>>> print(open('input_8.pdb').read())   # PDB, C-alpha atoms and all ligand atoms
ATOM      1  CA  MET A   1     -16.996   2.395  -8.127
ATOM      2  CA  THR A   2     -16.612   0.586  -4.831
ATOM      3  CA  MET A   3     -14.211  -2.115  -3.789
ATOM      4  CA  GLU A   4     -14.889  -5.301  -1.860
ATOM      5  CA  PHE A   5     -12.192  -6.750   0.389
ATOM      6  CA  ASP A   6     -12.537 -10.201   1.916
ATOM      7  CA  VAL A   7      -9.709 -10.996   4.266
ATOM      8  CA  VAL A   8      -8.848 -14.493   5.466
ATOM      9  CA  THR A   9      -7.140 -14.101   8.838
ATOM     10  CA  LEU A  10      -6.761 -15.715  12.262
ATOM     11  CA  PHE A  11      -6.914 -12.197  13.773
ATOM     12  CA  PRO A  12      -9.939 -10.347  12.364
ATOM     13  CA  GLU A  13      -9.853  -7.700  15.127
ATOM     14  CA  MET A  14      -6.536  -6.380  13.808
ATOM     15  CA  PHE A  15      -8.453  -4.888  10.874
ATOM     16  CA  ASP A  16     -10.190  -2.416  13.196
ATOM     17  CA  ALA A  17      -6.980  -0.425  12.737
ATOM     18  CA  ILE A  18      -8.081   0.538   9.217
ATOM     19  CA  THR A  19     -11.877   0.138   9.353
ATOM     20  CA  LYS A  20     -12.328   2.378  12.400
ATOM     21  CA  TYR A  21      -9.800   5.177  12.072
ATOM     22  CA  GLY A  22      -8.937   8.113   9.845
ATOM     23  CA  VAL A  23      -9.403   8.259   6.107
ATOM     24  CA  THR A  24      -9.980   4.507   5.718
ATOM     25  CA  GLY A  25     -12.370   4.552   8.697
ATOM     26  CA  ARG A  26     -14.567   7.203   7.067
ATOM     27  CA  ALA A  27     -14.512   5.449   3.697
ATOM     28  CA  ASN A  28     -15.477   2.106   5.255
ATOM     29  CA  GLY A  29     -18.994   1.038   4.324
ATOM     30  CA  ASN A  30     -19.356   3.416   1.399
ATOM     31  CA  VAL A  31     -16.445   3.359  -1.056
ATOM     32  CA  TYR A  32     -15.228   0.009   0.217
ATOM     33  CA  HIS A  33     -16.454  -2.913   2.281
ATOM     34  CA  LEU A  34     -14.311  -5.253   4.299
ATOM     35  CA  GLN A  35     -15.352  -8.662   5.529
ATOM     36  CA  THR A  36     -13.103 -11.026   7.470
ATOM     37  CA  TRP A  37     -13.103 -14.823   7.422
ATOM     38  CA  ASN A  38     -11.423 -16.748  10.228
ATOM     39  CA  PRO A  39     -10.086 -20.149   9.113
ATOM     40  CA  ARG A  40     -10.568 -21.355  12.701
ATOM     41  CA  GLN A  41     -14.309 -21.284  12.034
ATOM     42  CA  PHE A  42     -13.816 -23.631   9.083
ATOM     43  CA  THR A  43     -12.245 -26.460  11.089
ATOM     44  CA  ASP A  44     -14.055 -29.659  11.984
ATOM     45  CA  ASP A  45     -12.073 -30.985  14.952
ATOM     46  CA  ASN A  46     -12.760 -30.162  18.617
ATOM     47  CA  TYR A  47      -9.507 -28.208  18.934
ATOM     48  CA  HIS A  48     -10.209 -26.041  15.882
ATOM     49  CA  THR A  49      -6.742 -26.877  14.588
ATOM     50  CA  VAL A  50      -5.399 -24.501  11.911
ATOM     51  CA  ASP A  51      -1.720 -25.521  11.791
ATOM     52  CA  ASP A  52       0.620 -28.498  12.006
ATOM     53  CA  ARG A  53       4.344 -29.328  11.965
ATOM     54  CA  PRO A  54       6.216 -28.995   8.673
ATOM     55  CA  TYR A  55       7.006 -32.112   6.647
ATOM     56  CA  GLY A  56      10.777 -32.442   6.430
ATOM     57  CA  GLY A  57      11.190 -30.973   9.884
ATOM     58  CA  GLY A  58      12.301 -27.572  11.030
ATOM     59  CA  PRO A  59      11.051 -24.955  13.442
ATOM     60  CA  GLY A  60       7.554 -23.556  13.703
ATOM     61  CA  MET A  61       4.210 -24.551  12.303
ATOM     62  CA  VAL A  62       2.568 -24.428   8.891
ATOM     63  CA  MET A  63      -1.039 -23.413   8.254
ATOM     64  CA  LEU A  64      -3.264 -26.276   7.078
ATOM     65  CA  ALA A  65      -4.602 -26.093   3.539
ATOM     66  CA  LYS A  66      -8.129 -27.293   4.282
ATOM     67  CA  PRO A  67      -9.512 -24.643   6.689
ATOM     68  CA  LEU A  68      -7.854 -21.946   4.573
ATOM     69  CA  GLU A  69      -9.370 -23.301   1.380
ATOM     70  CA  LYS A  70     -12.822 -23.360   2.976
ATOM     71  CA  ALA A  71     -12.403 -19.773   4.179
ATOM     72  CA  VAL A  72     -11.152 -18.578   0.775
ATOM     73  CA  THR A  73     -14.072 -20.363  -0.898
ATOM     74  CA  ALA A  74     -16.559 -18.682   1.441
ATOM     75  CA  ALA A  75     -14.961 -15.330   0.589
ATOM     76  CA  ARG A  76     -15.074 -16.030  -3.160
ATOM     77  CA  ASN A  77     -18.709 -17.101  -2.884
ATOM     78  CA  ARG A  78     -19.688 -13.865  -1.147
ATOM     79  CA  GLN A  79     -18.022 -11.863  -3.898
ATOM     80  CA  GLU A  80     -19.568 -13.991  -6.638
ATOM     81  CA  ALA A  81     -23.019 -13.530  -5.081
ATOM     82  CA  LYS A  82     -22.428  -9.794  -5.510
ATOM     83  CA  GLY A  83     -21.757 -10.324  -9.198
ATOM     84  CA  LEU A  84     -18.006  -9.812  -8.805
ATOM     85  CA  GLY A  85     -16.821 -13.240  -9.938
ATOM     86  CA  GLY A  86     -15.372 -14.188 -13.319
ATOM     87  CA  ILE A  87     -12.053 -13.355 -14.942
ATOM     88  CA  ASN A  88     -12.359  -9.602 -14.467
ATOM     89  CA  GLY A  89     -13.657 -10.046 -10.942
ATOM     90  CA  THR A  90     -12.180 -11.406  -7.767
ATOM     91  CA  LYS A  91      -8.481 -12.037  -7.431
ATOM     92  CA  VAL A  92      -6.907 -13.827  -4.486
ATOM     93  CA  ILE A  93      -3.715 -12.315  -3.105
ATOM     94  CA  TYR A  94      -1.424 -14.116  -0.704
ATOM     95  CA  LEU A  95       0.733 -11.693   1.300
ATOM     96  CA  SER A  96       4.273 -12.987   1.756
ATOM     97  CA  PRO A  97       7.910 -11.886   1.592
ATOM     98  CA  GLN A  98       8.284 -14.127  -1.487
ATOM     99  CA  GLY A  99       5.802 -12.037  -3.476
ATOM    100  CA  ARG A 100       6.164  -9.278  -6.038
ATOM    101  CA  SER A 101       7.174  -6.021  -4.309
ATOM    102  CA  LEU A 102       4.362  -3.576  -3.737
ATOM    103  CA  ASN A 103       4.835  -0.136  -5.269
ATOM    104  CA  HIS A 104       2.717   2.639  -6.758
ATOM    105  CA  ASP A 105       2.387   0.873 -10.131
ATOM    106  CA  VAL A 106       1.157  -2.333  -8.491
ATOM    107  CA  VAL A 107      -1.325  -0.322  -6.398
ATOM    108  CA  MET A 108      -2.696   1.384  -9.533
ATOM    109  CA  GLU A 109      -2.952  -1.963 -11.330
ATOM    110  CA  LEU A 110      -4.837  -3.624  -8.466
ATOM    111  CA  SER A 111      -7.086  -0.582  -8.046
ATOM    112  CA  GLN A 112      -8.721  -1.507 -11.365
ATOM    113  CA  LEU A 113     -10.218  -4.636  -9.776
ATOM    114  CA  PRO A 114     -13.660  -4.546  -8.132
ATOM    115  CA  ALA A 115     -12.869  -7.117  -5.461
ATOM    116  CA  LEU A 116      -9.948  -8.789  -3.707
ATOM    117  CA  VAL A 117      -9.593 -11.731  -1.383
ATOM    118  CA  LEU A 118      -6.532 -11.212   0.808
ATOM    119  CA  LEU A 119      -4.952 -14.185   2.495
ATOM    120  CA  ALA A 120      -2.907 -13.395   5.601
ATOM    121  CA  GLY A 121      -0.651 -16.195   6.808
ATOM    122  CA  ARG A 122       0.838 -16.761  10.251
ATOM    123  CA  TYR A 123       3.561 -19.014  11.662
ATOM    124  CA  GLU A 124       6.180 -20.262   9.191
ATOM    125  CA  GLY A 125       3.741 -20.003   6.318
ATOM    126  CA  VAL A 126       0.967 -21.759   4.494
ATOM    127  CA  ASP A 127       0.894 -25.203   2.851
ATOM    128  CA  GLU A 128       2.202 -24.503  -0.666
ATOM    129  CA  ARG A 129      -0.583 -26.517  -2.297
ATOM    130  CA  LEU A 130      -3.163 -24.047  -0.985
ATOM    131  CA  ILE A 131      -1.229 -21.138  -2.536
ATOM    132  CA  GLU A 132      -0.936 -22.991  -5.858
ATOM    133  CA  ARG A 133      -4.643 -23.810  -5.855
ATOM    134  CA  GLN A 134      -6.070 -20.500  -4.704
ATOM    135  CA  ALA A 135      -3.690 -17.544  -5.029
ATOM    136  CA  ASP A 136      -3.638 -15.468  -8.217
ATOM    137  CA  TYR A 137      -0.894 -13.169  -6.943
ATOM    138  CA  GLU A 138       1.670 -13.158  -4.184
ATOM    139  CA  ILE A 139       2.627  -9.717  -2.880
ATOM    140  CA  SER A 140       5.338  -8.525  -0.502
ATOM    141  CA  ILE A 141       5.368  -5.105   1.149
ATOM    142  CA  GLY A 142       9.159  -5.092   1.542
ATOM    143  CA  ASP A 143      12.300  -7.085   2.139
ATOM    144  CA  TYR A 144      11.760  -7.889   5.805
ATOM    145  CA  VAL A 145       9.693 -10.479   7.621
ATOM    146  CA  LEU A 146       6.516  -9.628   9.533
ATOM    147  CA  SER A 147       4.910 -11.954  12.081
ATOM    148  CA  GLY A 148       1.961 -12.371   9.758
ATOM    149  CA  GLY A 149       0.317 -11.136   6.601
ATOM    150  CA  GLU A 150      -2.266  -8.943   8.387
ATOM    151  CA  LEU A 151      -0.189  -5.761   8.531
ATOM    152  CA  ALA A 152       0.792  -6.275   4.884
ATOM    153  CA  ALA A 153      -2.873  -6.719   3.901
ATOM    154  CA  MET A 154      -3.751  -3.511   5.753
ATOM    155  CA  VAL A 155      -0.944  -1.623   4.024
ATOM    156  CA  LEU A 156      -2.297  -2.755   0.676
ATOM    157  CA  ILE A 157      -5.927  -1.911   1.515
ATOM    158  CA  ASP A 158      -4.949   1.532   2.838
ATOM    159  CA  CYS A 159      -3.033   2.357  -0.360
ATOM    160  CA  LEU A 160      -5.924   1.176  -2.533
ATOM    161  CA  VAL A 161      -8.658   2.964  -0.592
ATOM    162  CA  ARG A 162      -6.961   6.351  -0.281
ATOM    163  CA  GLN A 163      -6.595   6.704  -4.015
ATOM    164  CA  MET A 164     -10.255   5.897  -4.773
ATOM    165  CA  PRO A 165     -12.322   8.861  -5.985
ATOM    166  CA  GLY A 166     -13.947  10.807  -3.166
ATOM    167  CA  VAL A 167     -11.887   9.339  -0.325
ATOM    168  CA  LEU A 168      -9.420  12.171   0.169
ATOM    169  CA  GLY A 169     -11.204  15.484   0.758
ATOM    170  CA  ASP A 170      -9.328  17.192  -2.061
ATOM    171  CA  PRO A 171      -8.882  15.095  -5.235
ATOM    172  CA  GLU A 172      -5.599  16.955  -5.813
ATOM    173  CA  SER A 173      -4.096  15.255  -2.735
ATOM    174  CA  ALA A 174      -3.726  11.837  -4.341
ATOM    175  CA  ARG A 175      -2.644  13.309  -7.669
ATOM    176  CA  GLN A 176       0.064  15.579  -6.276
ATOM    177  CA  GLU A 177       1.749  12.979  -4.136
ATOM    178  CA  SER A 178       5.100  11.314  -4.523
ATOM    179  CA  PHE A 179       5.184   8.402  -6.943
ATOM    180  CA  THR A 180       2.273   9.759  -8.981
ATOM    181  CA  SER A 181       4.723  12.256 -10.461
ATOM    182  CA  GLY A 182       7.727   9.943 -10.196
ATOM    183  CA  LEU A 183       9.317  12.398  -7.744
ATOM    184  CA  LEU A 184       9.443  12.707  -3.966
ATOM    185  CA  ASP A 185       7.253  15.314  -2.249
ATOM    186  CA  PHE A 186       8.449  18.863  -1.593
ATOM    187  CA  PRO A 187       8.717  19.985   2.067
ATOM    188  CA  GLN A 188       5.651  21.470   3.802
ATOM    189  CA  TYR A 189       5.417  24.221   6.424
ATOM    190  CA  THR A 190       2.643  25.646   8.583
ATOM    191  CA  ARG A 191       2.388  28.185  11.408
ATOM    192  CA  PRO A 192       4.310  29.647  13.172
ATOM    193  CA  GLU A 193       6.558  31.539  10.762
ATOM    194  CA  VAL A 194       9.522  31.076  13.115
ATOM    195  CA  TYR A 195       9.813  27.831  15.049
ATOM    196  CA  GLN A 196      12.766  27.378  17.420
ATOM    197  CA  GLY A 197      14.693  29.892  15.339
ATOM    198  CA  ALA A 198      13.954  28.172  12.011
ATOM    199  CA  VAL A 199      12.079  30.297   9.467
ATOM    200  CA  VAL A 200       9.694  29.263   6.722
ATOM    201  CA  PRO A 201      11.295  29.658   3.248
ATOM    202  CA  GLU A 202      10.616  33.219   2.088
ATOM    203  CA  VAL A 203       9.134  32.170  -1.255
ATOM    204  CA  LEU A 204       6.190  30.433   0.480
ATOM    205  CA  MET A 205       5.187  33.744   2.103
ATOM    206  CA  SER A 206       5.484  35.692  -1.161
ATOM    207  CA  GLY A 207       1.987  34.991  -2.474
ATOM    208  CA  ASN A 208       3.574  34.535  -5.916
ATOM    209  CA  HIS A 209       1.973  31.288  -7.052
ATOM    210  CA  ALA A 210       4.174  30.776 -10.108
ATOM    211  CA  ARG A 211       7.329  31.197  -7.977
ATOM    212  CA  ILE A 212       5.958  28.848  -5.313
ATOM    213  CA  LYS A 213       5.141  26.220  -7.893
ATOM    214  CA  ARG A 214       8.649  26.419  -9.375
ATOM    215  CA  TRP A 215      10.278  26.278  -5.933
ATOM    216  CA  ARG A 216       8.246  23.204  -5.000
ATOM    217  CA  LEU A 217       9.094  21.424  -8.238
ATOM    218  CA  GLN A 218      12.754  22.258  -7.657
ATOM    219  CA  GLN A 219      12.606  20.861  -4.108
ATOM    220  CA  SER A 220      10.970  17.666  -5.422
ATOM    221  CA  LEU A 221      13.649  17.248  -8.063
ATOM    222  CA  GLY A 222      16.453  18.062  -5.627
ATOM    223  CA  ARG A 223      15.229  15.709  -2.921
ATOM    224  CA  THR A 224      14.748  12.912  -5.415
ATOM    225  CA  TRP A 225      18.310  13.497  -6.669
ATOM    226  CA  LEU A 226      19.689  13.387  -3.104
ATOM    227  CA  ARG A 227      17.565  10.625  -1.622
ATOM    228  CA  ARG A 228      16.385   8.441  -4.480
ATOM    229  CA  PRO A 229      18.848   8.556  -7.376
ATOM    230  CA  ASP A 230      17.195   5.385  -8.717
ATOM    231  CA  MET A 231      13.870   7.232  -9.014
ATOM    232  CA  LEU A 232      15.491  10.270 -10.607
ATOM    233  CA  ALA A 233      17.218   8.084 -13.193
ATOM    234  CA  LEU A 234      13.820   6.683 -14.228
ATOM    235  CA  LYS A 235      12.344  10.166 -14.385
ATOM    236  CA  ILE A 236      15.222  11.347 -16.589
ATOM    237  CA  GLU A 237      14.782   8.306 -18.834
ATOM    238  CA  ASN A 238      11.156   9.314 -19.325
ATOM    239  CA  GLY A 239      12.345  12.814 -20.201
ATOM    240  CA  LEU A 240      12.685  15.967 -18.091
ATOM    241  CA  SER A 241      11.229  19.197 -19.454
ATOM    242  CA  GLY A 242      13.598  22.103 -20.117
ATOM    243  CA  GLU A 243      12.220  23.806 -17.026
ATOM    244  CA  GLU A 244      12.802  20.720 -14.862
ATOM    245  CA  LYS A 245      16.371  20.351 -16.146
ATOM    246  CA  LYS A 246      17.115  23.978 -15.350
ATOM    247  CA  LEU A 247      15.619  23.741 -11.843
ATOM    248  CA  LEU A 248      17.526  20.557 -11.025
ATOM    249  CA  GLU A 249      20.858  21.975 -12.246
ATOM    250  CA  GLU A 250      20.291  25.108 -10.194
ATOM    251  CA  PHE A 251      19.580  22.953  -7.124
ATOM    252  CA  GLN A 252      22.700  20.860  -7.743
ATOM    253  CA  ARG A 253      24.906  23.943  -8.132
ATOM    254  CA  ALA A 254      23.545  25.460  -4.896
ATOM    255  CA  TYR A 255      24.033  22.133  -3.107
ATOM    256  CA  GLU A 256      27.592  21.721  -4.297
ATOM    257  CA  THR A 257      28.668  25.241  -3.301
ATOM    258  CA  ASN A 258      27.260  24.748   0.217
TER     259      ASN A 258
HETATM  260  N1  LIG B   1       4.227 -11.608   5.637
HETATM  261  C1  LIG B   1       5.365 -11.625   6.382
HETATM  262  N2  LIG B   1       6.235 -10.719   5.922
HETATM  263  C2  LIG B   1       5.649 -10.102   4.838
HETATM  264  C3  LIG B   1       6.051  -9.097   3.930
HETATM  265  N3  LIG B   1       7.241  -8.497   4.019
HETATM  266  N4  LIG B   1       5.195  -8.735   2.973
HETATM  267  C4  LIG B   1       3.994  -9.321   2.861
HETATM  268  N5  LIG B   1       3.546 -10.282   3.687
HETATM  269  C5  LIG B   1       4.379 -10.687   4.671
END
>>> encode(input="input_8.pdb", output="structure tokens")
Amino acid sequence: MTMEFDVVTLFPEMFDAITKYGVTGRANGNVYHLQTWNPRQFTDDNYHTVDDRPYGGGPGMVMLAKPLEKAVTAARNRQEAKGLGGINGTKVIYLSPQGRSLNHDVVMELSQLPALVLLAGRYEGVDERLIERQADYEISIGDYVLSGGELAAMVLIDCLVRQMPGVLGDPESARQESFTSGLLDFPQYTRPEVYQGAVVPEVLMSGNHARIKRWRLQQSLGRTWLRRPDMLALKIENGLSGEEKKLLEEFQRAYETN
């Protein structure tokens, strides 16, 4: 399966950051396609106006509904021409701090869709009527305000692409990561064995795979307990195995005596 992304943005070049580099750069053009649509090219005045002052007053500018609607429609039409329309097809996502918070579950849910239109706003926002008319979902990448939706759209695309089959060299990579298991990752080490006086944990040099696996699980549980008690609580609600309980208690005892 491939995924089609159509991004409506005043700054299409920003998307080079994901289409040209690293994992998402290599996957570009085969497991996913990305096409940008600049609302400035859908204006009909000489100034190519895309924004105006807010009704009711206040600072900043608001993006005009009309050029955005034309750009979103062009994006939808491209996806429909590819047979990706209809109720199980294209969804339009507006990136904004008012949206539903992005997390692993939301990523997995959206990854079931064959195509997305992502709408990146600038300035103080977008005319609400455009959002009501065109957006199926509103998504936030966190409780802070970015200068525009582009970085948020790229965060979302990166998360979606890297978990598609065949994108990461080793399919285990995506499966073993934090949030898939409901736990944080265990710590990683590579050469040299001693770095600035700090040694690699002995167990990792033992060659005993069962011991290594247990140690890693224990580190994941312990770190989640220390750093993300909210995540651990959920994990416990869903039921820890006897082994996991034992490893966590051992970690907690060692932590408390240190
Ligand atoms: N646009 C501005 N801030 C944002 C955020 N936190 N998430 C998504 N889109 C945004």
>>> atom_distance(input="input_8.pdb", atom1="CA of Met164 in chain A", atom2="CA of Ile18 in chain A")
15.1 Å
>>> residues_near_ligand(input="input_8.pdb", ligand="ligand LIG 1 (chain B)", cutoff="6 Å", atoms="all atoms listed in the file", output="PyMOL selection string")
chain A and resi 95-97+139-149+152
>>> resolve_selection(input="input_8.pdb", expression="the PyMOL selection byres (((chain A and resi 104) around 10) and not hetatm)", output="ChimeraX atom specification")
/A:102-103,105-110,159-160,178-180,182
>>> closest_residue(input="input_8.pdb", among="A:Arg162, A:Arg253, A:Arg76, A:Arg26", to="Gln134 in chain A", atoms="all atoms listed in the file")
A:Arg76
>>> closest_residue(input="input_8.pdb", among="A:Thr36, A:Thr24, A:Asn30, A:Thr73", to="Val7 in chain A", atoms="all atoms listed in the file")
A:Thr36
>>> resolve_selection(input="input_8.pdb", expression="the PyMOL selection byres (((chain A and resi 87-93) around 10) and not hetatm)", output="ChimeraX atom specification")
/A:4-7,72,75-77,79-80,83-86,94-96,99,110,112-120,131,134-139,153
>>> closest_residue(input="input_8.pdb", among="A:Val23, A:Pro229, A:Thr9, A:Ala74", to="Val50 in chain A", atoms="all atoms listed in the file")
A:Thr9
>>> atom_distance(input="input_8.pdb", atom1="CA of Tyr47 in chain A", atom2="CA of Pro67 in chain A")
12.8 Å
>>> resolve_selection(input="input_8.pdb", expression="the PyMOL selection byres (((chain A and resi 215) around 10) and not hetatm)", output="NGL selection string")
:A and (186 or 201 or 203-204 or 209-214 or 216-221 or 247 or 251)
>>> atom_distance(input="input_8.pdb", atom1="CA of Leu68 in chain A", atom2="CA of Asn28 in chain A")
25.2 Å
>>> closest_residue(input="input_8.pdb", among="A:Val8, A:Leu226, A:Ala17, A:Leu183", to="Leu151 in chain A", atoms="only C-alpha atoms")
A:Ala17
>>> closest_residue(input="input_8.pdb", among="A:Val200, A:Thr43, A:Trp225, A:Met231", to="Glu249 in chain A", atoms="only C-alpha atoms")
A:Trp225
>>> closest_atom_pairs(input="input_8.pdb", of="range 80-174 of chain A", to="range 51-62 of chain A", cutoff="10 Å", atoms="all atoms listed in the file", output="tab-separated table")
residue	atom	partner	partner_atom	distance
A:Gly121	CA	A:Val62	CA	9.1
A:Arg122	CA	A:Val62	CA	8.0
A:Tyr123	CA	A:Met61	CA	5.6
A:Glu124	CA	A:Val62	CA	5.5
A:Gly125	CA	A:Val62	CA	5.3
A:Val126	CA	A:Val62	CA	5.4
A:Asp127	CA	A:Val62	CA	6.3
A:Glu128	CA	A:Val62	CA	9.6
>>> closest_residue(input="input_8.pdb", among="A:Glu69, A:Asp230, A:Asp158, A:Glu202", to="Leu184 in chain A", atoms="all atoms listed in the file")
A:Asp230
>>> build_atoms(input="input_8.pdb", residues="range 127-136 of chain A", atoms="all heavy atoms", output="tab-separated table (two decimals), in the coordinates of the input")
chain	number	residue	atom	x	y	z
A	127	ASP	N	0.65	-24.05	3.72
A	127	ASP	CA	0.89	-25.20	2.85
A	127	ASP	C	0.90	-24.73	1.39
A	127	ASP	O	-0.07	-24.12	0.92
A	127	ASP	CB	-0.22	-26.25	3.08
A	127	ASP	CG	0.10	-27.59	2.39
A	127	ASP	OD1	0.41	-27.57	1.17
A	127	ASP	OD2	0.03	-28.63	3.06
A	128	GLU	N	2.00	-25.01	0.69
A	128	GLU	CA	2.20	-24.50	-0.67
A	128	GLU	C	1.08	-24.89	-1.62
A	128	GLU	O	0.74	-24.15	-2.55
A	128	GLU	CB	3.56	-25.00	-1.20
A	128	GLU	CG	4.00	-24.40	-2.52
A	128	GLU	CD	4.35	-22.91	-2.45
A	128	GLU	OE1	4.61	-22.39	-1.32
A	128	GLU	OE2	4.33	-22.26	-3.51
A	129	ARG	N	0.48	-26.05	-1.38
A	129	ARG	CA	-0.58	-26.52	-2.30
A	129	ARG	C	-1.80	-25.60	-2.26
A	129	ARG	O	-2.49	-25.43	-3.26
A	129	ARG	CB	-0.97	-27.96	-1.94
A	129	ARG	CG	0.18	-28.92	-2.23
A	129	ARG	CD	-0.04	-30.26	-1.58
A	129	ARG	NE	-0.06	-30.16	-0.12
A	129	ARG	CZ	-0.20	-31.19	0.69
A	129	ARG	NH1	-0.35	-32.41	0.19
A	129	ARG	NH2	-0.21	-31.03	2.00
A	130	LEU	N	-2.04	-24.99	-1.09
A	130	LEU	CA	-3.16	-24.05	-0.98
A	130	LEU	C	-2.87	-22.80	-1.83
A	130	LEU	O	-3.74	-22.27	-2.52
A	130	LEU	CB	-3.38	-23.71	0.49
A	130	LEU	CG	-4.51	-22.75	0.90
A	130	LEU	CD1	-4.14	-21.29	0.78
A	130	LEU	CD2	-5.82	-23.04	0.18
A	131	ILE	N	-1.61	-22.33	-1.76
A	131	ILE	CA	-1.23	-21.14	-2.54
A	131	ILE	C	-1.35	-21.43	-4.03
A	131	ILE	O	-1.92	-20.64	-4.78
A	131	ILE	CB	0.20	-20.70	-2.16
A	131	ILE	CG1	0.28	-20.37	-0.67
A	131	ILE	CG2	0.63	-19.49	-3.00
A	131	ILE	CD1	1.68	-20.27	-0.12
A	132	GLU	N	-0.84	-22.60	-4.44
A	132	GLU	CA	-0.94	-22.99	-5.86
A	132	GLU	C	-2.39	-23.07	-6.32
A	132	GLU	O	-2.71	-22.66	-7.43
A	132	GLU	CB	-0.27	-24.36	-6.07
A	132	GLU	CG	1.24	-24.28	-6.11
A	132	GLU	CD	1.89	-25.66	-5.96
A	132	GLU	OE1	1.16	-26.68	-5.96
A	132	GLU	OE2	3.13	-25.70	-5.83
A	133	ARG	N	-3.24	-23.61	-5.46
A	133	ARG	CA	-4.64	-23.81	-5.86
A	133	ARG	C	-5.45	-22.52	-5.86
A	133	ARG	O	-6.36	-22.35	-6.68
A	133	ARG	CB	-5.32	-24.81	-4.90
A	133	ARG	CG	-4.90	-26.25	-5.12
A	133	ARG	CD	-5.40	-27.14	-3.98
A	133	ARG	NE	-6.85	-27.08	-3.82
A	133	ARG	CZ	-7.72	-27.77	-4.56
A	133	ARG	NH1	-7.27	-28.56	-5.51
A	133	ARG	NH2	-9.01	-27.67	-4.35
A	134	GLN	N	-5.15	-21.61	-4.93
A	134	GLN	CA	-6.07	-20.50	-4.70
A	134	GLN	C	-5.52	-19.10	-5.00
A	134	GLN	O	-6.30	-18.19	-5.25
A	134	GLN	CB	-6.58	-20.53	-3.25
A	134	GLN	CG	-7.45	-21.74	-2.93
A	134	GLN	CD	-8.81	-21.67	-3.61
A	134	GLN	OE1	-9.25	-20.62	-4.07
A	134	GLN	NE2	-9.50	-22.80	-3.69
A	135	ALA	N	-4.20	-18.92	-4.92
A	135	ALA	CA	-3.69	-17.54	-5.03
A	135	ALA	C	-3.42	-17.16	-6.49
A	135	ALA	O	-2.79	-17.90	-7.24
A	135	ALA	CB	-2.43	-17.39	-4.20
A	136	ASP	N	-3.94	-16.01	-6.89
A	136	ASP	CA	-3.64	-15.47	-8.22
A	136	ASP	C	-2.34	-14.68	-8.20
A	136	ASP	O	-1.58	-14.67	-9.15
A	136	ASP	CB	-4.77	-14.54	-8.67
A	136	ASP	CG	-6.08	-15.29	-8.81
A	136	ASP	OD1	-6.14	-16.18	-9.67
A	136	ASP	OD2	-7.03	-15.01	-8.05
